[in-house]
>>> print(open('upload_23.cif').read())   # mmCIF, C-alpha atoms
data_start
loop_
_atom_site.label_atom_id
_atom_site.label_comp_id
_atom_site.auth_asym_id
_atom_site.auth_seq_id
_atom_site.Cartn_x
_atom_site.Cartn_y
_atom_site.Cartn_z
CA MET A 23 -146.32 -102.07 139.58
CA ALA A 24 -143.47 -99.98 140.97
CA GLU A 25 -140.02 -101.47 141.00
CA LYS A 26 -139.04 -102.64 144.43
CA ALA A 27 -135.58 -103.01 145.80
CA ILE A 28 -135.03 -106.67 145.16
CA GLY A 29 -131.49 -107.80 145.55
CA CYS A 30 -130.19 -111.27 146.11
CA ALA A 31 -131.56 -111.36 149.64
CA ARG A 32 -134.64 -113.30 148.62
CA PRO A 33 -133.53 -115.64 145.89
CA THR A 34 -136.65 -117.76 145.98
CA GLY A 35 -140.31 -117.74 146.75
CA SER A 36 -141.76 -118.84 150.04
CA VAL A 37 -145.11 -119.74 151.44
CA VAL A 38 -146.61 -116.93 153.49
CA GLY A 39 -146.79 -117.89 157.14
CA ALA A 40 -144.44 -120.84 156.77
CA PRO A 41 -141.62 -121.02 159.28
CA PRO A 42 -138.19 -120.27 157.85
CA ALA A 43 -136.82 -123.45 156.30
CA GLU A 44 -134.11 -125.11 158.34
CA LYS A 45 -131.06 -126.19 156.45
CA GLY A 46 -131.76 -129.27 154.39
CA GLU A 47 -135.32 -129.47 155.62
CA SER A 48 -136.98 -128.48 152.35
CA ALA A 49 -135.90 -131.77 150.77
CA SER A 50 -137.50 -133.87 153.47
CA PRO A 51 -140.18 -136.10 151.95
CA GLY A 52 -142.41 -135.85 155.02
CA LYS A 53 -142.73 -132.10 154.57
CA GLU A 54 -143.63 -132.45 150.90
CA GLU A 55 -146.43 -134.85 151.79
CA THR A 56 -147.92 -132.32 154.17
CA HIS A 57 -147.97 -129.70 151.45
CA VAL A 58 -149.38 -131.93 148.75
CA SER A 59 -152.30 -133.07 150.88
CA GLY A 60 -153.37 -129.44 151.34
CA ILE A 61 -154.08 -128.91 147.66
CA LEU A 62 -157.68 -129.49 146.64
CA VAL A 63 -160.11 -127.69 144.43
CA GLY A 64 -162.60 -125.78 146.54
CA ARG A 65 -159.91 -125.10 149.16
CA LYS A 66 -157.85 -122.01 149.81
CA ALA A 67 -154.90 -121.46 147.49
CA PRO A 68 -151.68 -121.37 149.56
CA ASP A 69 -150.44 -117.81 149.82
CA PHE A 70 -146.87 -117.14 148.75
CA ILE A 71 -144.46 -114.36 148.04
CA ALA A 72 -141.84 -114.62 145.31
CA PRO A 73 -139.43 -112.43 143.36
CA ALA A 74 -140.53 -111.88 139.79
CA TYR A 75 -139.59 -110.38 136.46
CA HIS A 76 -142.34 -108.27 134.93
CA LYS A 77 -142.00 -106.24 131.74
CA GLY A 78 -138.43 -105.13 132.28
CA ASP A 79 -138.62 -104.70 136.05
CA PHE A 80 -137.84 -106.88 139.03
CA THR A 81 -140.74 -106.99 141.47
CA GLN A 82 -142.23 -109.12 144.17
CA VAL A 83 -145.48 -110.98 143.80
CA LYS A 84 -147.69 -111.91 146.73
CA LEU A 85 -150.71 -114.01 145.86
CA SER A 86 -152.95 -112.44 148.51
CA ASP A 87 -152.45 -109.04 146.84
CA TYR A 88 -154.63 -110.48 144.06
CA LEU A 89 -157.66 -111.15 146.26
CA GLY A 90 -160.72 -109.81 144.46
CA LYS A 91 -159.36 -110.89 141.08
CA TRP A 92 -159.35 -114.11 139.12
CA VAL A 93 -155.86 -115.56 138.87
CA VAL A 94 -154.37 -118.22 136.64
CA LEU A 95 -151.19 -119.55 138.23
CA CYS A 96 -149.06 -121.59 135.82
CA PHE A 97 -145.99 -123.57 136.73
CA TYR A 98 -143.65 -124.77 134.01
CA PRO A 99 -140.45 -126.82 134.01
CA GLY A 100 -137.98 -124.23 132.82
CA ASP A 101 -136.96 -121.22 130.79
CA PHE A 102 -135.35 -122.00 127.42
CA THR A 103 -136.90 -125.45 127.32
CA PHE A 104 -138.94 -126.62 124.37
CA VAL A 105 -142.61 -127.02 125.20
CA MET B 27 -162.49 -111.43 131.47
CA GLY B 28 -160.47 -109.68 134.16
CA VAL B 29 -157.94 -112.42 134.81
CA GLU B 30 -154.40 -111.99 136.09
CA VAL B 31 -151.79 -114.49 134.93
CA LEU B 32 -148.77 -115.53 136.98
CA ALA B 33 -146.13 -117.90 135.67
CA ALA B 34 -143.56 -119.67 137.82
CA SER B 35 -140.51 -121.84 137.32
CA VAL B 36 -137.39 -122.55 139.32
CA ASP B 37 -135.40 -120.16 137.14
CA SER B 38 -134.33 -116.87 138.68
CA GLN B 39 -135.95 -113.58 137.75
CA PHE B 40 -132.69 -112.77 135.98
CA VAL B 41 -132.98 -115.80 133.72
CA HIS B 42 -136.65 -114.93 133.13
CA LYS B 43 -135.47 -111.54 131.86
CA MET B 44 -132.97 -113.11 129.48
CA TRP B 45 -135.51 -115.64 128.20
CA ASP B 46 -138.09 -112.91 127.64
CA GLU B 47 -135.64 -110.63 125.86
CA ASN B 48 -133.85 -113.26 123.80
CA GLU B 49 -136.61 -115.63 122.78
CA LEU B 50 -140.14 -114.84 123.95
CA MET B 51 -140.14 -111.32 122.53
CA LYS B 52 -139.65 -112.98 119.15
CA MET B 53 -142.92 -114.86 119.67
CA VAL B 54 -144.96 -112.19 121.48
CA ASP B 55 -144.81 -108.51 120.62
CA GLY B 56 -143.52 -106.61 123.63
CA GLY B 57 -142.62 -109.76 125.52
CA VAL B 58 -144.42 -111.61 128.25
CA PRO B 59 -147.12 -109.29 129.66
CA PHE B 60 -147.48 -111.03 133.04
CA PRO B 61 -145.11 -111.53 136.02
CA MET B 62 -142.70 -114.46 135.79
CA LEU B 63 -141.99 -115.73 139.29
CA ALA B 64 -138.69 -117.14 140.50
CA ASP B 65 -139.30 -120.30 142.49
CA ALA B 66 -135.74 -121.51 143.15
CA ALA B 67 -135.85 -124.53 145.47
CA GLY B 68 -139.48 -124.99 144.52
CA HIS B 69 -141.01 -123.64 147.73
CA VAL B 70 -144.09 -122.36 145.93
CA GLY B 71 -144.36 -125.42 143.69
CA SER B 72 -144.13 -127.65 146.75
CA ALA B 73 -147.02 -125.83 148.35
CA TYR B 74 -149.08 -126.56 145.25
CA GLY B 75 -147.97 -130.17 144.92
CA VAL B 76 -146.21 -129.59 141.60
CA TYR B 77 -142.54 -129.56 142.60
CA ASP B 78 -140.63 -132.60 141.38
CA ASP B 79 -137.81 -132.81 143.92
CA GLU B 80 -135.95 -135.49 141.96
CA ALA B 81 -135.81 -133.39 138.80
CA GLY B 82 -135.59 -130.13 140.72
CA VAL B 83 -138.26 -128.43 138.63
CA ASP B 84 -141.85 -127.30 138.89
CA ILE B 85 -143.99 -129.54 136.71
CA ARG B 86 -146.66 -128.14 134.42
CA GLY B 87 -149.43 -127.30 136.87
CA ARG B 88 -152.16 -124.75 136.20
CA PHE B 89 -154.48 -123.40 138.89
CA ILE B 90 -157.55 -121.20 138.47
CA ILE B 91 -157.97 -119.15 141.65
CA ASP B 92 -161.16 -117.19 142.26
CA PRO B 93 -161.48 -113.69 143.79
CA ASP B 94 -161.86 -115.26 147.25
CA GLY B 95 -158.51 -117.01 146.86
CA MET B 96 -160.08 -120.46 146.44
CA ILE B 97 -158.70 -122.94 143.93
CA GLN B 98 -161.50 -123.67 141.46
CA ALA B 99 -159.59 -125.81 138.98
CA MET B 100 -156.25 -127.46 138.53
CA GLU B 101 -154.54 -129.29 135.71
CA VAL B 102 -151.15 -130.96 135.90
CA LEU B 103 -149.21 -132.29 132.92
CA THR B 104 -145.81 -133.94 132.64
CA PRO B 105 -143.28 -131.69 130.88
CA THR B 106 -143.61 -133.14 127.39
CA VAL B 107 -147.08 -131.87 126.51
CA GLY B 108 -148.23 -128.26 126.54
CA ARG B 109 -151.46 -126.72 127.72
CA LYS B 110 -154.42 -125.53 125.67
CA VAL B 111 -155.20 -121.91 126.48
CA ASP B 112 -158.74 -122.13 125.06
CA GLU B 113 -159.63 -124.81 127.59
CA THR B 114 -158.39 -122.66 130.46
CA LEU B 115 -160.45 -119.72 129.14
CA ARG B 116 -163.54 -121.94 128.81
CA GLN B 117 -163.19 -123.08 132.41
CA ILE B 118 -162.71 -119.53 133.69
CA ARG B 119 -165.83 -118.35 131.82
CA ALA B 120 -167.79 -121.25 133.29
CA PHE B 121 -166.62 -120.57 136.85
CA GLN B 122 -167.30 -116.85 136.43
CA ARG B 123 -170.86 -117.58 135.30
CA VAL B 124 -171.45 -119.91 138.25
CA ARG B 125 -170.15 -117.22 140.57
CA GLU B 126 -172.29 -114.48 138.97
CA THR B 127 -175.42 -116.57 139.44
CA GLY B 128 -174.48 -117.53 143.00
CA GLY B 129 -174.55 -121.18 141.97
CA ALA B 130 -178.13 -120.99 140.62
CA GLU B 131 -176.69 -122.08 137.29
CA VAL B 132 -174.16 -124.84 136.81
CA MET B 133 -172.28 -125.73 133.66
CA PRO B 134 -172.62 -129.22 132.19
CA ALA B 135 -169.88 -131.08 130.32
CA GLY B 136 -168.62 -129.27 127.24
CA TRP B 137 -170.29 -125.99 128.24
CA GLU B 138 -169.26 -122.89 126.37
CA PRO B 139 -170.87 -119.44 126.34
CA GLY B 140 -174.18 -119.72 124.50
CA LYS B 141 -174.70 -123.36 125.39
CA LYS B 142 -177.30 -124.77 127.73
CA VAL B 143 -176.80 -124.35 131.47
CA LEU B 144 -178.45 -126.40 134.22
CA LYS B 145 -180.42 -125.02 137.16
CA PRO B 146 -179.99 -127.47 140.00
CA GLY B 147 -182.95 -128.11 142.27
CA PRO B 148 -185.52 -130.74 143.21
CA ALA B 149 -187.29 -130.46 139.85
CA LEU B 150 -184.16 -131.44 137.96
CA VAL B 151 -183.40 -134.61 139.89
CA GLY B 152 -183.66 -137.58 137.53
CA ARG B 153 -184.67 -135.26 134.70
CA VAL B 154 -181.39 -133.98 133.41
CA TRP B 155 -181.90 -136.28 130.40
CA GLU B 156 -184.96 -134.21 129.44
CA VAL B 157 -183.04 -130.94 129.24
CA TRP B 158 -179.51 -131.99 128.36
CA LYS B 159 -178.18 -134.56 125.89
CA PRO B 160 -174.59 -135.68 125.34
CA SER B 161 -174.85 -134.05 121.92
CA ASP B 162 -175.17 -130.70 123.75
CA ALA B 163 -171.66 -131.16 125.13
#
>>> encode(input="upload_23.cif", output="structure tokens")
Amino acid sequence: MAEKAIGCARPTGSVVGAPPAEKGESASPGKEETHVSGILVGRKAPDFIAPAYHKGDFTQVKLSDYLGKWVVLCFYPGDFTFV
Amino acid sequence: MGVEVLAASVDSQFVHKMWDENELMKMVDGGVPFPMLADAAGHVGSAYGVYDDEAGVDIRGRFIIDPDGMIQAMEVLTPTVGRKVDETLRQIRAFQRVRETGGAEVMPAGWEPGKKVLKPGPALVGRVWEVWKPSDA
């Protein structure tokens, strides 16, 4: 994957198609509920775009670019933690 | 198997680089081979129901996504216990086989390559016990 110009402009990932978060809105419990209820096996995986580190380069990853392939998406609590 | 791995935490891509270079390369030759995503603020984790907003971290969620972009499997653990890669591989192989057969074959509990598969249909109703035993699991 070619290195893309990723500066500090996009510090975090975002859901593709989601409206830009209003200030303070992302912490609202009501919004979380909406997201959680959308996750089910057999349903579409939410598309997202996020900055990434990959083998020495900074890139951007968009889930829908992986259509046609099997993907394992793993979340974990943090770098430099123990497990 | 043809599977792409993506890992995500709330750490920035810059911290991912430091972790890879300073610790993970000592465990894995050449470092982490797959993209490590920066999910500051947990937007992606929230969309997958694995962002703990009190702790401010993505909890240990693992999703198997098929070539159509459908979630076929998910597993979520609290931070203190790690995953078992072999189990993820077993599940992917099972889902790939189901997909290859268009659903004509389904994989019973404990299925691994080489073990008995089931062919759902009217003839199998009430007769699974004849072709599959718990000891096959």
>>> closest_atom_pairs(input="upload_23.cif", of="chain B", to="chain A", cutoff="6 Å", atoms="only C-alpha atoms", output="tab-separated table")
residue	atom	partner	partner_atom	distance
B:Val29	CA	A:Trp92	CA	4.8
B:Glu30	CA	A:Val93	CA	4.8
B:Val31	CA	A:Val94	CA	4.8
B:Leu32	CA	A:Leu95	CA	4.9
B:Ala33	CA	A:Cys96	CA	4.7
B:Ala34	CA	A:Phe97	CA	4.7
B:Ser35	CA	A:Tyr98	CA	5.4
B:Gln39	CA	A:Tyr75	CA	5.0
B:Pro61	CA	A:His76	CA	4.4
B:Met62	CA	A:Tyr75	CA	5.2
B:Leu63	CA	A:Ala74	CA	4.1
B:Ala64	CA	A:Pro73	CA	5.6
B:Asp65	CA	A:Thr34	CA	5.1
B:Ala66	CA	A:Thr34	CA	4.8
B:His69	CA	A:Ser36	CA	5.4
B:Val70	CA	A:Ser36	CA	5.9
B:Ala73	CA	A:His57	CA	5.0
B:Gly75	CA	A:Val58	CA	4.4
B:Val83	CA	A:Pro99	CA	5.4
B:Asp84	CA	A:Pro99	CA	5.1
B:Ile85	CA	A:Pro99	CA	5.2
B:Arg86	CA	A:Tyr98	CA	4.5
B:Gly87	CA	A:Phe97	CA	5.1
B:Arg88	CA	A:Cys96	CA	4.4
B:Phe89	CA	A:Leu95	CA	5.1
B:Ile90	CA	A:Val94	CA	4.7
B:Ile91	CA	A:Val93	CA	5.0
B:Asp92	CA	A:Trp92	CA	4.8
B:Pro93	CA	A:Gly90	CA	4.0
B:Asp94	CA	A:Leu89	CA	6.0
B:Gly95	CA	A:Ala67	CA	5.8
B:Met96	CA	A:Lys66	CA	4.3
B:Ile97	CA	A:Val63	CA	5.0
B:Gln98	CA	A:Val63	CA	5.2
B:Ala99	CA	A:Val63	CA	5.8
B:Gly108	CA	A:Val105	CA	5.9
>>> resolve_selection(input="upload_23.cif", expression="the PyMOL selection byres ((chain B and resi 120) around 8)", output="PyMOL selection string")
chain B and resi 116-119+121-124+133+137-139
>>> atom_distance(input="upload_23.cif", atom1="atom CA of B:Val102", atom2="atom CA of B:Tyr77")
11.0 Å
>>> atom_distance(input="upload_23.cif", atom1="atom CA of B:Trp158", atom2="atom CA of B:Thr127")
19.4 Å
>>> residues_around(input="upload_23.cif", residues="B:Val58", least_positions_apart="3", cutoff="7 Å", atoms="only C-alpha atoms", output="list in words")
Lys77 of chain A; Asp46, Leu50 and Val54 of chain B
>>> write_last_selection(input="upload_23.cif", atoms="C-alpha atoms", output="CSV table (one decimal), in the coordinates of the input")
chain,number,residue,atom,x,y,z
A,77,LYS,CA,-142.0,-106.2,131.7
B,46,ASP,CA,-138.1,-112.9,127.6
B,50,LEU,CA,-140.1,-114.8,124.0
B,54,VAL,CA,-145.0,-112.2,121.5
>>> atom_distance(input="upload_23.cif", atom1="atom CA of B:Gly71", atom2="atom CA of B:Val36")
8.7 Å
>>> closest_residue(input="upload_23.cif", among="B:Lys145, B:Glu101, B:Thr106, B:Gly28", to="B:Gly129", atoms="only C-alpha atoms")
B:Lys145
>>> residues_around(input="upload_23.cif", residues="stretch 146-151 of chain B", least_positions_apart="3", cutoff="10 Å", atoms="all atoms listed in the file", output="list in words")
Gly129, Ala130, Glu131, Val132, Val143, Val154, Trp155, Glu156 and Val157 of chain B
>>> decode(input="upload_23.cif", residues="stretch 72-157 of chain B", atoms="C-alpha atoms", output="compact mmCIF listing (two decimals), in the first residue's frame")
# COMPACT_ATOMS: atom_id res chain seq x y z
CA SER B 72 -18.39 2.41 19.15
CA ALA B 73 -19.76 1.36 15.79
CA TYR B 74 -18.88 -2.23 16.67
CA GLY B 75 -20.18 -2.05 20.23
CA VAL B 76 -16.75 -2.58 21.78
CA TYR B 77 -15.83 0.92 22.97
CA ASP B 78 -15.84 1.27 26.74
CA ASP B 79 -16.52 4.98 27.18
CA GLU B 80 -15.82 4.89 30.92
CA ALA B 81 -12.35 3.40 30.46
CA GLY B 82 -11.80 5.19 27.16
CA VAL B 83 -10.53 2.06 25.40
CA ASP B 84 -11.66 -0.45 22.82
CA ILE B 85 -12.30 -3.75 24.55
CA ARG B 86 -11.07 -7.03 23.11
CA GLY B 87 -13.54 -7.63 20.30
CA ARG B 88 -12.83 -9.82 17.29
CA PHE B 89 -14.99 -9.85 14.15
CA ILE B 90 -14.81 -12.21 11.18
CA ILE B 91 -16.09 -10.34 8.12
CA ASP B 92 -16.82 -12.22 4.90
CA PRO B 93 -16.07 -11.06 1.32
CA ASP B 94 -19.56 -9.51 1.12
CA GLY B 95 -18.81 -7.35 4.16
CA MET B 96 -21.11 -9.32 6.46
CA ILE B 97 -20.13 -10.09 10.04
CA GLN B 98 -20.02 -13.88 10.36
CA ALA B 99 -18.63 -14.16 13.87
CA MET B 100 -17.78 -12.03 16.84
CA GLU B 101 -16.07 -12.63 20.15
CA VAL B 102 -15.65 -10.08 22.91
CA LEU B 103 -13.45 -10.53 25.97
CA THR B 104 -12.69 -8.25 28.89
CA PRO B 105 -9.09 -6.99 28.83
CA THR B 106 -7.57 -9.55 31.19
CA VAL B 107 -7.76 -12.63 28.98
CA GLY B 108 -6.27 -13.02 25.52
CA ARG B 109 -7.66 -14.64 22.41
CA LYS B 110 -6.84 -18.03 20.92
CA VAL B 111 -5.73 -17.65 17.32
CA ASP B 112 -6.39 -21.32 16.50
CA GLU B 113 -10.06 -20.88 17.34
CA THR B 114 -10.35 -17.88 15.04
CA LEU B 115 -8.68 -19.88 12.24
CA ARG B 116 -11.02 -22.82 12.85
CA GLN B 117 -14.04 -20.55 12.56
CA ILE B 118 -12.76 -18.90 9.38
CA ARG B 119 -12.15 -22.31 7.78
CA ALA B 120 -15.66 -23.39 8.74
CA PHE B 121 -17.27 -20.24 7.34
CA GLN B 122 -15.20 -20.50 4.16
CA ARG B 123 -16.37 -24.08 3.64
CA VAL B 124 -20.01 -23.11 4.18
CA ARG B 125 -19.57 -20.32 1.66
CA GLU B 126 -17.85 -22.58 -0.90
CA THR B 127 -20.71 -25.05 -0.73
CA GLY B 128 -23.34 -22.32 -0.88
CA GLY B 129 -24.69 -23.50 2.46
CA ALA B 130 -25.19 -27.11 1.26
CA GLU B 131 -22.83 -28.12 4.04
CA VAL B 132 -22.93 -26.80 7.58
CA MET B 133 -20.38 -27.34 10.31
CA PRO B 134 -21.44 -28.97 13.57
CA ALA B 135 -19.96 -28.20 16.99
CA GLY B 136 -16.24 -28.79 17.22
CA TRP B 137 -15.84 -29.05 13.44
CA GLU B 138 -12.33 -28.92 12.06
CA PRO B 139 -11.09 -29.72 8.55
CA GLY B 140 -11.40 -33.48 8.04
CA LYS B 141 -14.28 -33.87 10.46
CA LYS B 142 -17.86 -34.71 9.59
CA VAL B 143 -20.04 -32.02 8.05
CA LEU B 144 -23.84 -31.96 7.97
CA LYS B 145 -26.01 -31.55 4.88
CA PRO B 146 -29.19 -29.85 5.99
CA GLY B 147 -32.44 -30.92 4.36
CA PRO B 148 -35.70 -32.75 5.04
CA ALA B 149 -33.94 -36.11 5.32
CA LEU B 150 -31.79 -34.92 8.19
CA VAL B 151 -34.60 -33.61 10.38
CA GLY B 152 -34.70 -35.64 13.59
CA ARG B 153 -31.85 -37.82 12.32
CA VAL B 154 -28.80 -35.82 13.20
CA TRP B 155 -28.17 -38.35 15.99
CA GLU B 156 -27.68 -41.05 13.34
CA VAL B 157 -24.88 -39.20 11.57
